[in-house]
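Visitor: My file is model27.cif. It has mmCIF, C-alpha atoms:
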```cif
data_entry
#
loop_
_atom_site.label_atom_id
_atom_site.label_comp_id
_atom_site.auth_asym_id
_atom_site.auth_seq_id
_atom_site.Cartn_x
_atom_site.Cartn_y
_atom_site.Cartn_z
CA MET A 242 6.17 126.93 134.39
CA ASP A 243 4.51 123.52 134.82
CA ARG A 244 2.89 121.47 132.11
CA ASN A 245 -0.71 122.61 132.80
CA GLU A 246 0.30 126.26 132.66
CA GLY A 247 2.03 125.62 129.33
CA GLN A 248 -1.11 124.00 127.92
CA ASP A 249 -3.28 126.89 129.11
CA ALA A 250 -0.92 129.37 127.48
CA SER A 251 -0.91 127.50 124.18
CA SER A 252 -4.70 127.21 124.16
CA GLN A 253 -4.97 130.98 124.20
CA THR A 254 -3.46 131.19 120.74
CA PHE A 255 -6.56 129.93 118.91
CA ARG A 256 -9.17 131.62 121.10
CA SER A 257 -8.86 134.75 118.95
CA SER A 258 -9.84 134.80 115.29
CA GLU A 259 -6.31 135.53 114.10
CA GLY A 260 -4.91 132.83 116.35
CA LEU A 261 -7.39 130.35 114.91
CA ARG A 262 -6.48 131.41 111.38
CA ASN A 263 -2.78 130.87 112.05
CA LEU A 264 -3.38 127.49 113.62
CA LEU A 265 -5.62 126.33 110.76
CA CYS A 266 -2.99 127.38 108.21
CA ARG A 267 -0.46 125.24 110.05
CA LEU A 268 -2.80 122.27 110.42
CA GLN A 269 -3.81 122.28 106.75
CA SER A 270 -0.28 122.52 105.42
CA ASN A 271 1.27 119.46 103.77
CA GLY A 272 -2.09 118.07 102.73
CA GLY A 273 -3.72 118.39 106.15
CA THR A 274 -1.31 116.08 107.97
CA GLY A 275 -1.16 118.58 110.83
CA TRP A 276 -4.61 117.46 111.98
CA ARG A 277 -3.14 114.04 112.77
CA ASN A 278 0.28 115.04 114.09
CA ASP A 279 -0.04 118.45 115.73
CA PRO A 280 -0.77 118.15 119.50
CA GLU A 281 -2.58 121.49 119.43
CA ALA A 282 -5.19 120.01 117.06
CA SER A 283 -6.64 117.77 119.78
CA GLU A 284 -6.59 120.70 122.19
CA LEU A 285 -8.49 122.80 119.64
CA MET A 286 -11.18 120.13 119.27
CA ARG A 287 -11.61 119.78 123.05
CA PHE A 288 -11.98 123.55 123.28
CA THR A 289 -14.50 123.47 120.42
CA ALA A 290 -16.58 120.76 122.13
CA ASP A 291 -16.70 122.90 125.29
CA ARG A 292 -17.43 126.08 123.33
CA TYR A 293 -20.41 124.63 121.44
CA GLY A 294 -21.58 122.17 124.10
CA ALA A 295 -24.54 124.30 125.18
CA LEU A 296 -25.61 124.85 121.57
CA ALA A 297 -25.43 121.12 120.89
CA ARG A 298 -27.47 120.23 123.98
CA LYS A 299 -30.09 122.83 123.01
CA HIS A 300 -30.73 120.81 119.86
CA GLY A 301 -30.52 117.43 121.58
CA LEU A 302 -27.02 116.58 120.37
CA ASP A 303 -23.76 115.52 121.97
CA PRO A 304 -21.09 118.27 122.23
CA TRP A 305 -18.75 116.19 120.11
CA GLU A 306 -21.29 116.21 117.28
CA ALA A 307 -21.01 119.99 117.31
CA ALA A 308 -17.23 119.65 117.38
CA ALA A 309 -17.43 117.43 114.28
CA ALA A 310 -19.45 120.12 112.49
CA ALA A 311 -16.87 122.70 113.53
CA PHE A 312 -14.09 120.45 112.20
CA ASP A 313 -15.78 120.34 108.77
CA ALA A 314 -16.11 124.13 108.75
CA MET A 315 -12.49 124.67 109.83
CA ARG A 316 -11.24 122.60 106.89
CA ALA A 317 -13.07 124.81 104.36
CA SER A 318 -10.82 127.23 102.53
CA ALA A 319 -13.41 129.99 102.91
CA THR A 320 -12.94 129.92 106.69
CA LEU A 321 -9.29 130.87 106.33
CA ARG A 322 -10.19 133.83 104.12
CA ALA A 323 -13.01 135.11 106.33
CA ASP A 324 -12.63 138.30 108.36
CA ASP A 325 -13.67 136.39 111.49
CA PRO A 326 -13.03 132.61 111.22
CA TRP A 327 -14.69 131.89 114.56
CA ALA A 328 -17.89 133.59 113.36
CA VAL A 329 -17.94 131.37 110.27
CA VAL A 330 -17.39 128.25 112.36
CA THR A 331 -20.11 129.26 114.84
CA GLN A 332 -22.66 129.86 112.08
CA ALA A 333 -21.75 126.56 110.42
CA VAL A 334 -22.19 124.68 113.71
CA ARG A 335 -25.53 126.38 114.35
CA VAL A 336 -26.86 125.47 110.89
CA THR A 337 -25.65 121.88 111.23
CA CYS A 338 -27.20 121.48 114.69
CA ILE A 339 -30.54 122.72 113.38
CA ALA A 340 -30.33 120.33 110.43
CA GLU A 341 -29.42 117.42 112.72
CA GLU A 342 -32.38 118.15 114.97
CA ARG A 343 -34.75 118.47 112.02
CA ALA A 344 -33.40 115.24 110.52
CA GLN A 345 -34.12 113.38 113.76
CA GLY A 346 -37.65 114.75 113.87
CA LEU A 347 -38.36 114.11 110.20
CA LEU A 348 -36.69 110.67 110.21
CA CYS A 349 -34.53 111.53 107.22
CA ALA A 350 -30.89 112.17 106.35
CA VAL A 351 -29.22 115.40 107.42
CA HIS A 352 -28.57 116.55 103.85
CA GLN A 353 -32.28 116.13 103.13
CA ALA A 354 -33.26 118.13 106.23
CA ARG A 355 -31.21 121.07 104.90
CA ARG A 356 -33.56 121.36 101.92
CA ALA A 357 -36.38 123.86 102.27
CA GLU A 358 -39.02 121.60 100.75
CA VAL A 359 -38.21 118.89 103.31
CA SER A 360 -37.62 120.98 106.44
CA ALA A 361 -40.96 122.74 105.91
CA HIS A 362 -42.77 119.57 107.05
CA HIS A 363 -43.61 118.89 110.68
CA ASP A 364 -41.88 116.20 112.70
CA ALA A 365 -43.05 112.64 112.24
CA GLU A 366 -45.88 111.66 114.60
CA ARG A 367 -47.59 108.41 115.50
CA PHE A 368 -51.36 108.34 115.21
CA SER A 369 -51.43 107.11 118.81
CA ASP A 370 -49.58 110.22 120.03
CA ARG A 371 -52.80 112.26 119.89
CA GLU A 372 -55.91 111.76 121.94
CA HIS A 373 -58.22 112.43 118.99
CA GLU A 374 -58.24 110.68 115.65
CA LEU A 375 -56.56 112.23 112.62
CA PRO A 376 -59.73 113.45 110.80
CA GLU A 377 -60.77 115.39 113.88
CA TYR A 378 -57.78 117.74 114.00
CA HIS A 379 -56.03 117.73 110.63
CA PRO A 380 -57.14 120.65 108.38
CA ALA A 381 -56.87 118.48 105.24
CA PHE A 382 -59.97 116.57 106.43
CA ARG A 383 -62.05 119.65 107.14
CA SER A 384 -64.64 121.22 104.84
CA PRO A 385 -66.74 124.36 105.23
CA PRO A 386 -70.47 124.10 106.00
CA ALA A 387 -72.84 123.43 103.11
CA ASP A 388 -74.15 127.02 103.02
CA GLU A 389 -70.56 128.35 102.67
CA LEU A 390 -69.90 125.90 99.83
CA ASP A 391 -72.97 127.26 98.02
CA ASP A 392 -71.61 130.80 98.42
CA LEU A 393 -68.25 129.76 97.01
CA ASP A 394 -69.88 128.08 94.01
CA ALA A 395 -71.87 131.23 93.28
CA SER A 396 -68.83 133.50 93.47
CA ASP A 397 -67.31 134.47 90.11
CA ASP A 398 -63.99 135.34 91.74
CA PHE A 399 -63.39 131.94 93.32
CA ASP A 400 -61.01 129.85 91.26
CA GLY A 401 -60.19 127.20 93.85
CA PRO A 402 -56.83 126.68 95.55
CA ASP A 403 -53.66 127.34 93.58
CA VAL A 404 -52.64 123.71 93.54
CA ASP A 405 -50.16 124.10 90.69
CA ARG A 406 -48.00 126.72 92.38
CA PRO A 407 -45.82 124.30 94.42
CA ALA A 408 -45.22 122.26 91.28
CA GLU A 409 -44.19 125.39 89.38
CA VAL A 410 -41.74 126.38 92.11
CA ALA A 411 -40.23 122.89 92.23
CA ALA A 412 -39.86 122.90 88.43
CA ALA A 413 -38.19 126.34 88.53
CA VAL A 414 -35.70 125.18 91.16
CA LYS A 415 -34.93 122.04 89.15
CA ASP A 416 -34.36 124.08 85.97
CA ALA A 417 -32.14 126.55 87.85
CA ILE A 418 -29.95 123.68 89.06
CA SER A 419 -29.77 122.29 85.53
CA PHE A 420 -28.84 125.74 84.22
CA PHE A 421 -25.71 125.89 86.36
CA ALA A 422 -24.85 122.23 85.75
CA LEU A 423 -25.08 122.68 81.96
CA LEU A 424 -22.69 125.61 82.16
CA GLY A 425 -19.97 123.60 83.88
CA TRP A 426 -20.76 123.93 87.59
CA PRO A 427 -20.37 120.76 89.69
CA ARG A 428 -23.92 119.46 90.06
CA ASP A 429 -23.62 119.05 93.84
CA SER A 430 -22.46 122.64 94.25
CA ALA A 431 -25.23 123.87 91.94
CA ARG A 432 -27.94 121.93 93.77
CA GLU A 433 -26.83 122.89 97.28
CA GLY A 434 -26.32 126.53 96.33
CA VAL A 435 -29.69 126.94 94.61
CA GLU A 436 -31.55 125.19 97.44
CA TYR A 437 -29.81 127.32 100.08
CA VAL A 438 -30.68 130.55 98.22
CA CYS A 439 -34.30 129.47 97.81
CA ALA A 440 -34.57 128.65 101.51
CA ARG A 441 -33.25 132.08 102.50
CA LEU A 442 -35.34 133.81 99.84
CA ALA A 443 -38.52 132.38 101.37
CA ASP A 444 -37.82 134.27 104.63
CA ALA A 445 -36.64 137.54 103.06
CA PRO A 446 -38.94 140.56 102.56
CA SER A 447 -37.71 141.11 98.99
CA ARG A 448 -35.28 139.82 96.41
CA PRO A 449 -32.86 142.78 96.77
CA SER A 450 -32.70 142.36 100.54
CA ALA A 451 -32.16 138.61 100.12
CA PHE A 452 -29.33 139.32 97.67
CA GLU A 453 -27.54 141.68 100.08
CA SER A 454 -27.99 139.34 103.03
CA LEU A 455 -26.71 136.32 101.12
CA ARG A 456 -23.83 138.24 99.57
CA ARG A 457 -22.41 138.82 103.06
CA ASP A 458 -23.26 135.33 104.31
CA TYR A 459 -19.73 134.00 104.86
CA ALA A 460 -21.06 130.95 106.69
CA ALA A 461 -23.00 129.92 103.60
CA ARG A 462 -19.89 130.16 101.44
CA ALA A 463 -17.99 128.09 103.98
CA LEU A 464 -20.67 125.40 104.03
CA LEU A 465 -20.99 125.34 100.26
CA ASP A 466 -17.22 125.71 99.75
CA LEU A 467 -17.65 128.35 97.05
CA PRO A 468 -15.22 131.20 96.34
CA GLN A 469 -16.54 134.74 96.61
CA ARG A 470 -16.70 135.36 92.84
CA ALA A 471 -18.61 132.13 92.17
CA TRP A 472 -21.03 132.79 95.05
CA THR A 473 -21.73 136.35 93.88
CA SER A 474 -22.21 135.15 90.31
CA MET A 475 -24.74 132.56 91.47
CA LEU A 476 -26.67 135.20 93.43
CA ARG A 477 -26.71 137.58 90.43
CA ALA A 478 -27.97 134.82 88.19
CA LEU A 479 -30.65 133.53 90.59
CA LEU A 480 -31.92 136.79 92.09
CA GLY A 481 -30.86 139.44 89.58
CA CYS A 482 -28.75 142.53 90.18
CA CYS A 483 -29.87 145.17 92.69
CA ASP A 484 -29.59 148.15 90.32
CA GLN A 485 -32.99 149.88 90.26
CA LEU A 486 -32.41 150.98 86.67
CA GLN A 487 -32.36 147.31 85.62
CA GLU A 488 -35.18 146.19 87.89
CA GLN A 489 -37.54 145.39 84.99
CA THR A 490 -34.86 143.90 82.74
CA PRO A 491 -33.88 140.20 82.57
CA ALA A 492 -30.64 141.01 84.42
CA GLY A 493 -32.60 142.63 87.23
CA ARG A 494 -35.14 139.85 87.65
CA GLY A 495 -32.95 136.75 87.94
CA ILE A 496 -33.56 133.31 86.52
CA LEU A 497 -35.82 132.12 89.36
CA PHE A 498 -38.30 134.89 88.60
CA ARG A 499 -37.97 134.36 84.85
CA LEU A 500 -38.61 130.63 85.16
CA LEU A 501 -41.67 131.21 87.34
CA VAL A 502 -43.25 133.64 84.84
CA GLY A 503 -42.94 131.19 81.98
CA GLU A 504 -39.47 131.39 80.44
CA ASN A 505 -37.88 128.03 79.73
CA LEU A 506 -34.36 126.77 80.27
CA GLN A 507 -33.48 127.05 76.59
CA ALA A 508 -34.32 130.77 76.57
CA LEU A 509 -32.01 131.34 79.55
CA LEU A 510 -29.16 129.58 77.77
CA TYR A 511 -29.53 132.00 74.86
CA ASP A 512 -28.97 134.99 77.19
CA ASP A 513 -25.30 135.65 76.36
CA ASP A 514 -24.61 138.11 79.20
CA LEU A 515 -26.10 135.78 81.80
CA VAL A 516 -24.29 132.71 80.46
CA GLU A 517 -20.94 134.49 80.23
CA ASP A 518 -21.05 135.65 83.85
CA VAL A 519 -21.88 132.15 85.10
CA VAL A 520 -19.31 130.37 82.92
CA VAL A 521 -16.46 132.75 83.79
CA ASN A 522 -17.01 132.16 87.51
CA VAL A 523 -17.41 128.35 87.49
CA PRO A 524 -15.96 126.97 90.77
CA ARG A 525 -13.50 124.14 90.72
CA ALA A 526 -14.89 120.67 91.25
CA ARG A 527 -14.73 119.23 94.77
CA PRO A 528 -12.05 116.57 95.29
#
```
Show the structure stored in the file as structure tokens.

Guide:
Amino acid sequence: MDRNEGQDASSQTFRSSEGLRNLLCRLQSNGGTGWRNDPEASELMRFTADRYGALARKHGLDPWEAAAAAFDAMRASATLRADDPWAVVTQAVRVTCIAEERAQGLLCAVHQARRAEVSAHHDAERFSDREHELPEYHPAFRSPPADELDDLDASDDFDGPDVDRPAEVAAAVKDAISFFALLGWPRDSAREGVEYVCARLADAPSRPSAFESLRRDYAARALLDLPQRAWTSMLRALLGCCDQLQEQTPAGRGILFRLLVGENLQALLYDDDLVEDVVVNVPRARP
């Protein structure tokens, strides 16, 4: 068997999920020195660049940028424990490519583009990019006709736009992050976890469905580097449990809902059952 045939045979070992798991275990042994010394590591990264090349180009990136995202996901301990490591890596690369593309459009850092309140904005534009001037097309500069304004003034049911709602949501997210940080969670893990849950919650039809979807989101755990127990504890605290019998109780509502309806952070910290569950499942700090 010649050298090329030997390389092709060895590359087949990590094409399957179990083969990838075995290779990653070997590469991460002895403090991760295998990534520098093992010849199969470079072969794995070339295969990864080819595998995710089309996905990277779809988002305007170089294939090796996707390979770098895959490398970060492969080094996460959650990837080794996943039922399908390749599925976790693929989801992580997809999320990173989207964030990279949004960051380029928004002219901001990638970690900022991952946040829901930032990614919700449109890409940066020059005024000269449009044929018409800004007041002519932007809805913020539009107003209804005078006769419609008179009708609105006469209506008893019109209270004006709910301008305070975004501020209330931002305050609730900030307090939720502080809640986990005060109970011993690493602040970076608390912030990234809460923001990820809020982003997914915005697209979900209900809190229970968001809970079940996030509970099985292995890619999220890999990106956030959270163990299963800590991740589930965070979801229970933020979204509440899915038991219909407790739907109207504090445990069934979750702290996001409780903060939005007027409870303060101090009241949450006096909830012994909630605090105990979060404290018992505090993840270890990142190195």

Visitor: Can you turn the PyMOL selection byres ((chain A and resi 342) around 9) into a concrete residue list for this file, as a list in words?

Guide: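 The output of the PyMOL selection byres ((chain A and resi 342) around 9) on this file is His300, Gly301, Leu302, Thr337, Cys338, Ile339, Ala340, Glu341, Arg343, Ala344, Gln345, Gly346, Leu347, Val351 and Ala354 of chain A.
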
Visitor: I'd like the contact shell of Asp512 (chain A) - 12 Å cut-off, all atoms listed in the file, skipping same-chain residues fewer than 3 positions apart - returned as a ChimeraX atom specification.

Guide: /A:420,478,491-492,495-496,499,504-509,515-519

Visitor: Name the residues that the PyMOL selection byres ((chain A and resi 357) around 10) pulls out of this structure, and write them as a list in words.

Guide: Gln353, Ala354, Arg355, Arg356, Glu358, Val359, Ser360, Ala361, His362, Glu436, Tyr437, Val438, Cys439, Ala440, Arg441 and Ala443 of chain A

Visitor: From the list A:Ala365, A:Ala460, A:Ala309, A:Ala297, which residue is nearest Pro326 (chain A) when using all atoms listed in the file?

Guide: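 The shortest atom-to-atom distance to Pro326 (chain A) comes from A:Ala460.
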
Visitor: Convert the output of the PyMOL selection byres ((chain A and resi 467) around 12) on the shown file into explicit residues, formatted as JSON, numbers by chain.

Guide: {"A": [317, 318, 319, 320, 322, 426, 427, 429, 430, 431, 433, 434, 456, 458, 459, 460, 461, 462, 463, 464, 465, 466, 468, 469, 470, 471, 472, 473, 474, 475, 476, 522, 523, 524, 525, 526, 527]}

Visitor: CA of Ile418 (chain A) to CA of Arg316 (chain A): how many Å, to one decimal?

Guide: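 Pair CA of Ile418 (chain A) / CA of Arg316 (chain A) returns 25.9 Å.
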
Visitor: Select, from A:Leu296, A:Leu480, A:Leu321, A:Ala311, the residue with the minimum atom-to-atom distance to Ala445 (chain A), counting all atoms listed in the file.

Guide: A:Leu480
